[in-house]
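**Q** Data file run.txt (compact mmCIF, C-alpha atoms and all ligand atoms) is appended below.
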```
# COMPACT_ATOMS: atom_id res chain seq x y z
CA MET A 673 -19.10 -1.37 -3.03
CA ASN A 674 -16.26 -0.52 -0.68
CA VAL A 675 -15.52 -3.16 1.94
CA LEU A 676 -13.51 -3.01 5.17
CA LEU A 677 -12.11 -6.33 6.34
CA ILE A 678 -10.87 -6.49 9.94
CA GLY A 679 -7.98 -8.79 10.85
CA SER A 680 -4.40 -9.75 10.03
CA GLY A 681 -4.22 -13.54 9.77
CA GLY A 682 -4.12 -16.18 7.08
CA ARG A 683 -7.89 -16.35 7.41
CA GLU A 684 -8.20 -12.69 6.41
CA HIS A 685 -5.74 -13.10 3.52
CA ALA A 686 -7.88 -15.97 2.18
CA LEU A 687 -11.07 -13.91 2.61
CA ALA A 688 -9.46 -10.88 0.92
CA TRP A 689 -8.17 -13.04 -1.94
CA LYS A 690 -11.68 -14.40 -2.53
CA LEU A 691 -13.43 -11.02 -2.11
CA ARG A 692 -11.07 -9.58 -4.73
CA SER A 693 -12.77 -11.66 -7.44
CA SER A 694 -16.25 -10.31 -6.66
CA PRO A 695 -17.84 -8.15 -9.36
CA LEU A 696 -19.59 -6.27 -6.54
CA LEU A 697 -16.29 -5.08 -5.02
CA LYS A 698 -15.00 -1.58 -5.67
CA LYS A 699 -12.37 -0.96 -3.05
CA LEU A 700 -11.11 -3.39 -0.41
CA TYR A 701 -9.58 -2.04 2.80
CA CYS A 702 -8.07 -4.24 5.47
CA ALA A 703 -7.23 -3.20 9.04
CA PRO A 704 -4.50 -3.91 9.91
CA GLY A 705 -3.73 -6.59 7.26
CA ASN A 706 -0.32 -8.18 6.68
CA GLY A 707 2.44 -8.51 4.09
CA GLY A 708 0.34 -10.74 1.81
CA ILE A 709 -2.98 -8.92 2.21
CA ALA A 710 -1.18 -5.74 1.07
CA GLU A 711 -1.06 -7.29 -2.41
CA VAL A 712 -4.86 -7.56 -2.69
CA ALA A 713 -6.19 -4.77 -0.41
CA ASP A 714 -5.34 -1.33 0.94
CA CYS A 715 -3.99 -2.03 4.43
CA VAL A 716 -4.91 0.69 6.93
CA ALA A 717 -3.45 1.21 10.39
CA LEU A 718 -6.81 1.65 12.07
CA PRO A 719 -7.03 1.09 15.86
CA VAL A 720 -9.75 -1.55 15.70
CA ALA A 721 -10.46 -1.40 19.45
CA ASP A 722 -11.43 2.29 19.00
CA HIS A 723 -14.93 1.78 17.61
CA ALA A 724 -15.48 5.51 16.99
CA ALA A 725 -12.36 5.52 14.79
CA VAL A 726 -13.70 2.56 12.79
CA VAL A 727 -17.05 4.35 12.35
CA ARG A 728 -15.24 7.49 11.15
CA PHE A 729 -13.14 5.50 8.68
CA CYS A 730 -16.25 3.81 7.28
CA LYS A 731 -18.06 7.15 6.85
CA ASP A 732 -15.03 8.86 5.28
CA ASN A 733 -14.46 6.01 2.83
CA ALA A 734 -18.07 5.13 1.98
CA VAL A 735 -17.67 1.60 3.31
CA GLY A 736 -20.78 -0.44 2.45
CA LEU A 737 -19.88 -3.58 4.43
CA VAL A 738 -17.54 -4.34 7.31
CA ILE A 739 -16.42 -7.97 7.53
CA ILE A 740 -14.95 -8.92 10.89
CA GLY A 741 -12.46 -11.82 10.83
CA PRO A 742 -11.38 -12.52 14.44
CA GLU A 743 -13.51 -13.06 17.53
CA ALA A 744 -12.11 -10.30 19.78
CA PRO A 745 -13.74 -7.31 17.98
CA LEU A 746 -17.06 -9.23 17.83
CA VAL A 747 -16.98 -9.96 21.55
CA ALA A 748 -16.06 -6.30 22.16
CA GLY A 749 -19.28 -5.23 20.40
CA LEU A 750 -17.86 -3.67 17.22
CA VAL A 751 -20.90 -4.86 15.25
CA ASP A 752 -23.26 -3.21 17.77
CA ASP A 753 -21.41 0.12 17.59
CA LEU A 754 -21.25 0.11 13.79
CA ALA A 755 -24.90 -0.90 13.46
CA THR A 756 -26.14 1.99 15.62
CA THR A 757 -24.56 4.40 13.14
CA GLY A 758 -26.14 2.56 10.19
CA ILE A 759 -23.00 0.77 8.99
CA LYS A 760 -23.64 -2.74 7.70
CA CYS A 761 -21.58 -5.57 9.18
CA PHE A 762 -20.98 -9.25 8.65
CA GLY A 763 -20.67 -10.81 12.09
CA PRO A 764 -22.67 -11.31 15.30
CA THR A 765 -23.50 -8.73 17.95
CA ARG A 766 -21.78 -8.84 21.30
CA ALA A 767 -24.75 -10.73 22.80
CA ALA A 768 -24.73 -13.36 20.05
CA ALA A 769 -20.92 -13.64 20.21
CA GLN A 770 -21.36 -15.06 23.73
CA LEU A 771 -21.61 -18.41 21.96
CA GLU A 772 -17.81 -18.26 21.70
CA ALA A 773 -16.97 -15.78 24.47
CA SER A 774 -18.36 -18.03 27.21
CA LYS A 775 -18.10 -21.80 26.97
CA GLY A 776 -20.58 -22.01 29.86
CA PHE A 777 -23.09 -19.89 27.92
CA ALA A 778 -22.88 -22.25 24.93
CA LYS A 779 -23.13 -25.34 27.14
CA ASP A 780 -26.17 -23.98 29.03
CA LEU A 781 -27.87 -23.22 25.71
CA ALA A 782 -27.11 -26.75 24.49
CA ARG A 783 -28.55 -28.24 27.68
CA GLU A 784 -31.70 -26.08 27.57
CA PHE A 785 -32.45 -26.94 23.94
CA GLY A 786 -31.42 -30.61 23.93
CA ILE A 787 -28.37 -30.11 21.69
CA PRO A 788 -25.98 -33.08 21.98
CA THR A 789 -22.80 -32.13 23.85
CA ALA A 790 -20.54 -33.57 26.58
CA ALA A 791 -22.07 -33.78 30.08
CA TYR A 792 -20.72 -30.83 32.12
CA GLU A 793 -20.98 -28.49 35.07
CA ARG A 794 -19.86 -24.87 35.56
CA PHE A 795 -17.81 -23.69 38.54
CA ALA A 796 -16.50 -20.46 40.03
CA ASP A 797 -14.92 -22.18 43.02
CA ALA A 798 -12.03 -24.69 43.15
CA ASP A 799 -13.39 -26.85 46.02
CA LYS A 800 -16.72 -27.50 44.32
CA ALA A 801 -14.93 -28.17 41.03
CA LYS A 802 -12.63 -30.72 42.69
CA ALA A 803 -15.58 -32.43 44.41
CA TYR A 804 -17.24 -32.79 40.99
CA VAL A 805 -14.06 -34.25 39.49
CA ALA A 806 -13.83 -36.73 42.40
CA ALA A 807 -17.28 -38.04 41.49
CA ARG A 808 -16.59 -38.41 37.75
CA ARG A 809 -14.58 -40.78 35.60
CA ALA A 810 -11.27 -39.78 33.97
CA PRO A 811 -10.20 -38.64 31.45
CA ILE A 812 -12.00 -35.39 32.11
CA VAL A 813 -11.77 -32.00 30.44
CA VAL A 814 -11.20 -28.71 32.30
CA LYS A 815 -11.90 -25.49 30.34
CA ALA A 816 -11.47 -21.82 31.09
CA ASP A 817 -14.86 -20.24 30.38
CA GLY A 818 -13.62 -17.22 28.43
CA LEU A 819 -11.44 -16.52 25.39
CA ALA A 820 -7.97 -18.00 25.89
CA ALA A 821 -6.60 -18.13 22.33
CA GLY A 822 -7.27 -21.87 22.11
CA LYS A 823 -5.10 -22.56 25.17
CA GLY A 824 -7.73 -22.77 27.88
CA VAL A 825 -8.69 -26.44 27.36
CA MET A 826 -6.96 -29.14 29.38
CA ILE A 827 -7.61 -32.82 28.72
CA CYS A 828 -6.76 -34.46 32.03
CA GLU A 829 -5.87 -38.16 32.17
CA GLY A 830 -6.51 -38.45 35.90
CA ARG A 831 -8.11 -36.65 38.84
CA ALA A 832 -4.81 -35.30 40.16
CA GLU A 833 -4.08 -33.69 36.81
CA ALA A 834 -7.61 -32.25 36.73
CA ASN A 835 -7.09 -30.73 40.19
CA VAL A 836 -3.86 -29.10 38.99
CA ALA A 837 -5.74 -27.70 35.97
CA ILE A 838 -8.51 -26.35 38.20
CA ASP A 839 -5.96 -24.63 40.46
CA ALA A 840 -4.17 -23.19 37.42
CA CYS A 841 -7.41 -21.65 36.13
CA PHE A 842 -8.32 -20.07 39.46
CA ALA A 843 -4.72 -18.92 40.01
CA GLY A 844 -5.08 -16.73 36.92
CA THR A 845 -3.11 -18.71 34.29
CA PHE A 846 -5.69 -17.62 31.72
CA GLY A 847 -6.40 -14.24 33.27
CA LYS A 848 -10.06 -13.31 33.55
CA ALA A 849 -10.98 -16.07 31.07
CA GLY A 850 -10.27 -18.65 33.78
CA ALA A 851 -12.20 -17.02 36.63
CA LYS A 852 -15.07 -19.36 35.73
CA ILE A 853 -14.60 -22.86 34.40
CA VAL A 854 -16.47 -25.66 32.70
CA ILE A 855 -15.65 -29.29 33.53
CA GLU A 856 -16.90 -31.83 31.07
CA GLU A 857 -16.93 -35.43 30.03
CA PHE A 858 -14.20 -36.53 27.60
CA LEU A 859 -15.62 -37.34 24.17
CA ALA A 860 -13.93 -40.02 22.06
CA GLY A 861 -14.19 -39.85 18.28
CA GLU A 862 -12.99 -37.95 15.25
CA GLU A 863 -13.16 -34.16 15.20
CA ALA A 864 -14.60 -32.05 12.39
CA SER A 865 -15.36 -28.38 11.82
CA PHE A 866 -18.76 -27.42 10.40
CA PHE A 867 -19.45 -23.95 9.03
CA ALA A 868 -22.74 -22.25 8.20
CA LEU A 869 -23.76 -18.74 7.22
CA VAL A 870 -26.66 -17.48 9.33
CA ASP A 871 -28.70 -14.30 8.73
CA GLY A 872 -30.64 -14.35 11.99
CA GLU A 873 -33.25 -16.68 10.58
CA HIS A 874 -32.00 -18.63 7.54
CA VAL A 875 -29.03 -20.99 7.61
CA LEU A 876 -26.82 -21.86 4.65
CA PRO A 877 -24.37 -24.67 5.39
CA LEU A 878 -20.91 -24.08 3.95
CA ALA A 879 -18.33 -26.82 3.70
CA THR A 880 -16.67 -28.99 6.32
CA ALA A 881 -13.00 -29.19 7.28
CA GLN A 882 -10.64 -30.95 9.61
CA ASP A 883 -7.76 -29.20 11.30
CA HIS A 884 -4.59 -30.30 13.11
CA LYS A 885 -4.26 -28.62 16.48
CA ARG A 886 -1.03 -30.16 17.80
CA ALA A 887 2.36 -28.68 16.91
CA GLY A 888 4.09 -31.97 16.07
CA ASP A 889 3.78 -34.80 13.56
CA GLY A 890 1.46 -37.63 14.51
CA ASP A 891 -0.71 -35.15 16.50
CA THR A 892 1.84 -34.84 19.29
CA GLY A 893 3.22 -31.84 21.19
CA PRO A 894 1.47 -28.73 22.50
CA ASN A 895 -1.84 -27.37 21.21
CA THR A 896 -1.67 -24.51 18.71
CA GLY A 897 -4.11 -22.27 16.86
CA GLY A 898 -3.93 -24.90 14.07
CA MET A 899 -1.05 -26.30 12.00
CA GLY A 900 -2.99 -27.29 8.89
CA ALA A 901 -6.39 -28.28 7.58
CA TYR A 902 -8.20 -29.86 4.70
CA SER A 903 -11.68 -29.69 3.25
CA PRO A 904 -14.00 -31.53 2.94
CA ALA A 905 -13.78 -33.62 6.11
CA PRO A 906 -14.46 -37.21 5.01
CA VAL A 907 -15.99 -38.06 8.39
CA MET A 908 -18.79 -35.57 7.59
CA THR A 909 -20.87 -37.74 5.31
CA PRO A 910 -24.09 -36.21 3.94
CA SER A 911 -26.08 -37.93 6.69
CA MET A 912 -23.69 -36.68 9.40
CA SER A 913 -23.97 -33.14 7.99
CA LYS A 914 -27.76 -33.41 7.99
CA ARG A 915 -27.78 -34.60 11.60
CA THR A 916 -25.46 -31.71 12.52
CA MET A 917 -27.86 -29.24 10.91
CA ASP A 918 -30.98 -30.80 12.46
CA GLU A 919 -29.64 -31.59 15.93
CA ILE A 920 -27.11 -28.78 16.52
CA ILE A 921 -27.12 -25.79 14.16
CA THR A 922 -30.83 -25.24 13.51
CA PRO A 923 -31.89 -25.49 17.18
CA THR A 924 -29.08 -23.09 18.16
CA ILE A 925 -30.18 -20.47 15.63
CA ALA A 926 -33.83 -20.85 16.67
CA ALA A 927 -32.82 -20.52 20.34
CA MET A 928 -30.76 -17.37 19.75
CA ALA A 929 -33.65 -15.78 17.81
CA ALA A 930 -36.20 -16.79 20.46
CA ARG A 931 -34.04 -15.17 23.16
CA GLY A 932 -34.03 -11.87 21.26
CA THR A 933 -30.34 -12.16 20.31
CA PRO A 934 -30.51 -13.44 16.72
CA TYR A 935 -27.27 -14.74 15.29
CA GLN A 936 -25.86 -13.19 12.12
CA GLY A 937 -22.51 -14.15 10.59
CA VAL A 938 -20.69 -17.41 10.19
CA LEU A 939 -21.28 -20.05 12.85
CA PHE A 940 -18.42 -22.52 13.26
CA ALA A 941 -19.26 -25.65 15.22
CA GLY A 942 -16.36 -27.71 16.53
CA LEU A 943 -17.74 -31.26 16.54
CA MET A 944 -16.78 -34.66 17.86
CA ILE A 945 -18.19 -37.41 15.69
CA THR A 946 -18.91 -40.09 18.28
CA GLY A 947 -20.48 -43.53 18.07
CA GLU A 948 -23.78 -41.83 18.93
CA GLY A 949 -23.44 -39.16 16.26
CA PRO A 950 -22.23 -35.56 16.18
CA LYS A 951 -21.69 -33.78 19.50
CA LEU A 952 -20.93 -30.11 19.94
CA ILE A 953 -17.47 -29.43 21.44
CA GLU A 954 -17.66 -25.68 21.10
CA TYR A 955 -18.94 -22.81 19.02
CA ASN A 956 -16.86 -20.15 17.33
CA VAL A 957 -18.46 -17.01 15.94
CA ARG A 958 -16.11 -16.50 12.99
CA PHE A 959 -14.35 -18.46 10.28
CA GLY A 960 -11.68 -20.89 11.45
CA ASP A 961 -8.02 -20.18 10.83
CA PRO A 962 -6.66 -22.21 8.95
CA GLU A 963 -10.04 -23.69 7.86
CA ALA A 964 -11.07 -20.51 6.01
CA GLN A 965 -8.04 -20.92 3.74
CA VAL A 966 -9.24 -24.30 2.46
CA LEU A 967 -12.87 -23.20 2.28
CA MET A 968 -12.02 -20.17 0.17
CA LEU A 969 -9.97 -22.25 -2.24
CA ARG A 970 -12.98 -24.52 -2.84
CA LEU A 971 -15.70 -21.84 -2.98
CA GLN A 972 -16.68 -21.10 -6.56
CA SER A 973 -19.48 -18.58 -5.94
CA ASP A 974 -19.22 -14.89 -5.11
CA LEU A 975 -18.21 -14.60 -1.43
CA LEU A 976 -19.15 -10.93 -1.17
CA ALA A 977 -22.71 -11.57 -2.45
CA ALA A 978 -23.10 -14.32 0.16
CA LEU A 979 -21.77 -12.20 3.05
CA LEU A 980 -23.97 -9.26 2.00
CA ALA A 981 -27.03 -11.52 1.88
CA THR A 982 -26.10 -12.71 5.38
CA ALA A 983 -25.98 -9.14 6.67
CA ASP A 984 -29.22 -8.24 4.83
CA GLY A 985 -31.25 -11.27 5.97
CA ASN A 986 -31.56 -12.62 2.40
CA LEU A 987 -29.65 -15.87 2.73
CA ASP A 988 -32.67 -17.85 1.50
CA LYS A 989 -31.97 -16.36 -1.94
CA ILE A 990 -28.37 -17.60 -2.10
CA ALA A 991 -26.98 -20.92 -3.27
CA LEU A 992 -23.26 -21.63 -3.21
CA GLU A 993 -21.18 -23.80 -5.47
CA TRP A 994 -18.16 -25.69 -4.20
CA SER A 995 -15.37 -27.27 -6.15
CA HIS A 996 -15.35 -31.05 -5.96
CA GLU A 997 -11.61 -30.80 -5.50
CA VAL A 998 -10.00 -31.22 -2.11
CA ALA A 999 -8.10 -28.30 -0.59
CA LEU A 1000 -5.33 -28.71 1.97
CA THR A 1001 -3.27 -26.11 3.79
CA VAL A 1002 0.00 -26.49 5.67
CA VAL A 1003 0.85 -23.83 8.24
CA MET A 1004 4.47 -22.68 8.36
CA ALA A 1005 5.30 -21.22 11.75
CA ALA A 1006 8.27 -19.31 13.11
CA LYS A 1007 10.60 -21.40 15.27
CA GLY A 1008 9.53 -21.18 18.90
CA TYR A 1009 5.79 -21.29 18.16
CA PRO A 1010 3.47 -21.96 20.04
CA GLY A 1011 5.87 -20.40 22.57
CA PRO A 1012 7.43 -17.00 21.83
CA PRO A 1013 8.29 -17.08 18.11
CA GLN A 1014 11.53 -15.89 16.54
CA LEU A 1015 10.57 -12.69 14.68
CA GLY A 1016 12.20 -10.82 11.82
CA THR A 1017 13.72 -13.75 9.89
CA GLU A 1018 13.63 -13.41 6.10
CA ILE A 1019 11.49 -15.68 3.90
CA LYS A 1020 12.60 -16.28 0.31
CA GLY A 1021 11.32 -18.36 -2.60
CA LEU A 1022 7.63 -17.48 -2.27
CA ASP A 1023 7.15 -16.76 -6.00
CA ALA A 1024 8.70 -20.08 -6.99
CA ALA A 1025 6.53 -21.86 -4.40
CA ALA A 1026 3.34 -20.17 -5.63
CA ALA A 1027 4.13 -21.36 -9.17
CA VAL A 1028 3.49 -25.00 -8.21
CA GLU A 1029 0.25 -26.09 -9.90
CA GLY A 1030 -2.88 -25.62 -7.76
CA VAL A 1031 -1.04 -23.72 -5.01
CA GLU A 1032 -2.02 -20.43 -3.30
CA ILE A 1033 0.06 -19.02 -0.48
CA PHE A 1034 -1.78 -17.06 2.18
CA HIS A 1035 0.18 -14.92 4.60
CA ALA A 1036 -0.49 -14.76 8.34
CA GLY A 1037 2.30 -13.21 10.45
CA THR A 1038 4.37 -11.54 7.75
CA LYS A 1039 5.43 -7.99 7.09
CA ARG A 1040 7.02 -6.34 4.12
CA ASP A 1041 10.37 -4.56 4.38
CA GLY A 1042 10.95 -3.11 0.92
CA ASN A 1043 11.10 -6.17 -1.29
CA ARG A 1044 11.76 -8.54 1.58
CA ILE A 1045 9.15 -10.60 3.43
CA LEU A 1046 9.87 -11.02 7.13
CA ALA A 1047 8.33 -13.27 9.77
CA ASN A 1048 6.21 -11.16 12.10
CA GLY A 1049 4.24 -13.64 14.20
CA GLY A 1050 3.84 -17.24 15.33
CA ARG A 1051 1.93 -18.73 12.42
CA VAL A 1052 3.42 -17.10 9.35
CA LEU A 1053 2.37 -18.74 6.04
CA ASN A 1054 -0.42 -21.03 4.85
CA VAL A 1055 0.73 -23.03 1.86
CA THR A 1056 -2.57 -24.14 0.35
CA ALA A 1057 -3.20 -26.50 -2.56
CA ARG A 1058 -6.13 -27.89 -4.51
CA ALA A 1059 -6.24 -31.27 -6.26
CA ASN A 1060 -8.48 -34.24 -6.94
CA THR A 1061 -7.37 -36.19 -3.89
CA VAL A 1062 -6.00 -35.34 -0.45
CA ALA A 1063 -2.79 -37.20 -1.31
CA GLU A 1064 -2.28 -35.03 -4.43
CA ALA A 1065 -3.14 -31.80 -2.63
CA GLN A 1066 -0.72 -32.79 0.13
CA ALA A 1067 2.02 -33.53 -2.44
CA ARG A 1068 1.48 -30.14 -4.10
CA ALA A 1069 1.57 -28.22 -0.82
CA TYR A 1070 4.79 -29.93 0.29
CA ALA A 1071 6.34 -29.44 -3.19
CA ALA A 1072 5.70 -25.71 -2.77
CA ILE A 1073 7.13 -25.74 0.76
CA ALA A 1074 10.31 -27.37 -0.59
CA ARG A 1075 10.82 -24.22 -2.67
CA ILE A 1076 10.51 -21.87 0.32
CA ASP A 1077 13.84 -20.82 1.71
CA TRP A 1078 13.18 -19.96 5.35
CA PRO A 1079 15.59 -21.39 7.93
CA GLY A 1080 13.64 -19.57 10.68
CA GLY A 1081 10.45 -21.56 10.07
CA PHE A 1082 9.02 -25.05 10.47
CA CYS A 1083 5.90 -27.01 9.61
CA ARG A 1084 4.36 -30.40 10.24
CA SER A 1085 5.19 -32.96 7.56
CA ASP A 1086 1.98 -35.00 7.84
CA ILE A 1087 -0.96 -32.62 7.33
CA GLY A 1088 -3.90 -34.65 6.00
CA TRP A 1089 -2.52 -38.00 7.23
CA ARG A 1090 -5.84 -39.32 8.44
CA ALA A 1091 -7.58 -38.58 5.12
CA VAL A 1092 -4.66 -39.91 3.09
CA ALA A 1093 -4.83 -43.15 5.10
CA ARG A 1094 -8.57 -43.36 4.31
CA GLU A 1095 -7.87 -42.83 0.61
CA THR A 1096 -5.18 -45.50 0.64
CA ALA A 1097 -7.46 -47.94 2.45
CA ALA A 1098 -10.27 -47.28 -0.05
CA SER A 1099 -8.13 -47.74 -3.16
P1 LIG B 1 -12.09 -26.13 22.21
O1 LIG B 1 -11.23 -24.90 22.38
O2 LIG B 1 -13.24 -26.22 23.15
O3 LIG B 1 -12.41 -26.46 20.76
O4 LIG B 1 -11.12 -27.34 22.58
C1 LIG B 1 -9.87 -27.48 21.99
C2 LIG B 1 -9.65 -28.92 21.67
O5 LIG B 1 -9.72 -29.70 22.86
C3 LIG B 1 -10.72 -29.52 20.76
O6 LIG B 1 -10.46 -29.28 19.41
C4 LIG B 1 -10.61 -30.98 21.12
O7 LIG B 1 -9.49 -31.56 20.47
C5 LIG B 1 -10.31 -30.96 22.58
N1 LIG B 1 -11.55 -31.10 23.39
C6 LIG B 1 -12.31 -30.12 23.90
N2 LIG B 1 -13.34 -30.62 24.59
C7 LIG B 1 -13.24 -31.97 24.52
C8 LIG B 1 -14.01 -33.05 25.05
N3 LIG B 1 -15.09 -32.85 25.81
N4 LIG B 1 -13.60 -34.31 24.77
C9 LIG B 1 -12.50 -34.53 24.03
N5 LIG B 1 -11.72 -33.55 23.51
C10 LIG B 1 -12.08 -32.28 23.76
```
Rewrite the structure of this file - the entire thing - as structure tokens.
Ligand code: AMP
**A**
Amino acid sequence: MNVLLIGSGGREHALAWKLRSSPLLKKLYCAPGNGGIAEVADCVALPVADHAAVVRFCKDNAVGLVIIGPEAPLVAGLVDDLATTGIKCFGPTRAAAQLEASKGFAKDLAREFGIPTAAYERFADADKAKAYVAARRAPIVVKADGLAAGKGVMICEGRAEANVAIDACFAGTFGKAGAKIVIEEFLAGEEASFFALVDGEHVLPLATAQDHKRAGDGDTGPNTGGMGAYSPAPVMTPSMSKRTMDEIITPTIAAMAARGTPYQGVLFAGLMITGEGPKLIEYNVRFGDPEAQVLMLRLQSDLLAALLATADGNLDKIALEWSHEVALTVVMAAKGYPGPPQLGTEIKGLDAAAAVEGVEIFHAGTKRDGNRILANGGRVLNVTARANTVAEAQARAYAAIARIDWPGGFCRSDIGWRAVARETAAS
């Protein structure tokens, strides 16, 4: 079958790389793609926000499945518009994508259905928000309700800081996304990402991962889209995964179906593993980036068959196999990121780096200029490695990075530190 993949990040390169090995795949298109995806798919300059143009492309090219990588086209209703013309999609409708598009929506659903999450209230008015903060204990978390590219969450150490965050939201720092806010209790614990395929009714848990949101070593510096990840997340023991399914994922899917907005696609739960068990921090309605990169390296089954079964409502007939190996990815970013990145610098040594045993390099913000690869975004490369232990996977990824000649880029030097410390303590 012909498949159209939407997106241009490292996540989409990893998905494209995995789809490529499917016996069901005839032709793989990617819109818009990037310098690395161009090696495994036909990149097309399709205006993704123009849904009629996407429909036309699918009809003209006999596309049998559209796989949507990022959240924005899902929230904009691309699935709804494709579905009305009979084009099959992997991903939730606009109504179901509210789980990510509105933090308040997800929190209200959690409250209504008894799903464990931080205590919270929603506000559209600064005075009421500040009065709430005055009555609560710090630290406290202020969140823009809408999509803010991972930047709309402020962990405030004191009330004064929370009041500044509230004013920033209502002053338009996050545009429309901050016109409504959620204020919630600070949760202490270890974070983990949990992924499941959902076909409206059936749920198939995928693997777990842990990411590194801060720009600097030792989890310091500003928040980013993610500077690295590894899978599995050791904190997600089988019993913690079962509790997550029973207490968080399954009730959410049942609630969405009962409301007449069944969820189809991949559901990504950001969790805090607290002393009381798993608590929902937030939902995302797509694969994580960079978590997808480590998931795809560990997945041994046919991804396309699984995504098709998700779209067709046949997930109960699918079982997935995962490598027992650990996968770890280090993000290389252009200098300046998460602020305005330096674009156009040349990256050399990628072939030598990819030759390190167990290593796959996924591209994010790159573009090709003849034979040259140039930086074309903030997060640029995902140097990903598989091995028997986190320490070995980490060593392989950094050995590959040592072969990359890119003065315009940087990366964290400690991705996986928490898991490596666990391994060291256990040995
Ligand atoms: P979100 O975009 O909601 O995933 O939040 C981004 C990051 O902020 C999360 O990955 C956590 O590190 C942190 N965070 C969000 N909410 C809380 C909370 N209630 N308690 C502690 N940390 C939080």
**Q** Which residue gives the smallest distance to Glu919 in chain A among A:Gln882, A:Ser694, A:Thr789, A:Asn1060, with only C-alpha atoms counted?
**A** A:Thr789
**Q** Quick one: of A:Glu856, A:Asp714, A:Asp988, A:Asp839, who's nearest to ligand LIG 1 (chain B), counting all atoms listed in the file?
**A**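 The closest residue to ligand LIG 1 (chain B) is A:Glu856.
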**Q** Quick one: of A:Asn674, A:Leu1015, A:Leu754, A:Phe858, who's nearest to Gly736 in chain A, counting only C-alpha atoms?
**A**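 Ranking A:Asn674, A:Leu1015, A:Leu754, A:Phe858 by distance to Gly736 in chain A, first place goes to A:Asn674.
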**Q** Distance CA of Val1062 in chain A-CA of Gly1030 in chain A, one decimal place?
**A** 12.6 Å
**Q** Using all atoms listed in the file - which residues lie no farther than 10 Å from the point (-13.0, 3.6, 7.9) in the file's frame? Write them as a ChimeraX atom specification.
**A** /A:675-676,701-703,716,718,720,724-735,738
**Q** Which residues are close to range 992-1002 of chain A, i.e. within 7 Å by all atoms listed in the file, leaving aside same-chain residues fewer than 2 positions away? Reply as a ChimeraX atom specification.
**A** /A:899-904,966,969-973,990,1004,1054-1062,1065-1066,1069,1087
**Q** Pull C-alpha atoms from the residues just selected and write them as a PDB file, in the frame of the given file.
**A**
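Generated output (out-v8.pdb):
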```pdb
ATOM      1  CA  MET A 899      -1.050 -26.300  12.000  1.00  0.00           C
ATOM      2  CA  GLY A 900      -2.990 -27.290   8.890  1.00  0.00           C
ATOM      3  CA  ALA A 901      -6.390 -28.280   7.580  1.00  0.00           C
ATOM      4  CA  TYR A 902      -8.200 -29.860   4.700  1.00  0.00           C
ATOM      5  CA  SER A 903     -11.680 -29.690   3.250  1.00  0.00           C
ATOM      6  CA  PRO A 904     -14.000 -31.530   2.940  1.00  0.00           C
ATOM      7  CA  VAL A 966      -9.240 -24.300   2.460  1.00  0.00           C
ATOM      8  CA  LEU A 969      -9.970 -22.250  -2.240  1.00  0.00           C
ATOM      9  CA  ARG A 970     -12.980 -24.520  -2.840  1.00  0.00           C
ATOM     10  CA  LEU A 971     -15.700 -21.840  -2.980  1.00  0.00           C
ATOM     11  CA  GLN A 972     -16.680 -21.100  -6.560  1.00  0.00           C
ATOM     12  CA  SER A 973     -19.480 -18.580  -5.940  1.00  0.00           C
ATOM     13  CA  ILE A 990     -28.370 -17.600  -2.100  1.00  0.00           C
ATOM     14  CA  MET A1004       4.470 -22.680   8.360  1.00  0.00           C
ATOM     15  CA  ASN A1054      -0.420 -21.030   4.850  1.00  0.00           C
ATOM     16  CA  VAL A1055       0.730 -23.030   1.860  1.00  0.00           C
ATOM     17  CA  THR A1056      -2.570 -24.140   0.350  1.00  0.00           C
ATOM     18  CA  ALA A1057      -3.200 -26.500  -2.560  1.00  0.00           C
ATOM     19  CA  ARG A1058      -6.130 -27.890  -4.510  1.00  0.00           C
ATOM     20  CA  ALA A1059      -6.240 -31.270  -6.260  1.00  0.00           C
ATOM     21  CA  ASN A1060      -8.480 -34.240  -6.940  1.00  0.00           C
ATOM     22  CA  THR A1061      -7.370 -36.190  -3.890  1.00  0.00           C
ATOM     23  CA  VAL A1062      -6.000 -35.340  -0.450  1.00  0.00           C
ATOM     24  CA  ALA A1065      -3.140 -31.800  -2.630  1.00  0.00           C
ATOM     25  CA  GLN A1066      -0.720 -32.790   0.130  1.00  0.00           C
ATOM     26  CA  ALA A1069       1.570 -28.220  -0.820  1.00  0.00           C
ATOM     27  CA  ILE A1087      -0.960 -32.620   7.330  1.00  0.00           C
TER      28      ILE A1087
END
```
**Q** Please identify all protein, DNA and RNA residues within 7 Å of ligand LIG 1 (chain B), counting only C-alpha atoms and all ligand atoms, and report them as a list of chain:residue names.
**A**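 Written in the requested form, the residues are A:Ala790, A:Val813, A:Gly822, A:Gly824, A:Val825, A:Ile827, A:Glu856, A:Glu857, A:Phe858, A:Leu859, A:Ala860, A:Glu863, A:Lys885, A:Gly942, A:Ile953, A:Glu954.
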**Q** Grab the CA of Ala879 in chain A to CA of Ala927 in chain A distance for me, in Å with one decimal place.
**A**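 Distance reported for this atom pair: 22.9 Å.
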**Q** If you measure from CA of Gly898 in chain A to CA of Pro1010 in chain A, what distance in Å do you get, rounded to one decimal?
**A**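 Going from CA of Gly898 in chain A over to CA of Pro1010 in chain A covers 10.0 Å.
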**Q** Of the residues A:Ala773, A:Leu819, A:Ile921, A:Leu967, which is the one nearest to Ala881 in chain A, using all atoms listed in the file?
**A** A:Leu967
**Q** With 8 Å on each side, where is the centre of the axis-aligned box around all listed atoms of range 728-747 of chain A, and how long are its edges in Å to one decimal, as JSON?
**A**
```
{"center_x": -16.1, "center_y": -2.1, "center_z": 11.8, "size_x": 25.4, "size_y": 37.9, "size_z": 35.6}
```
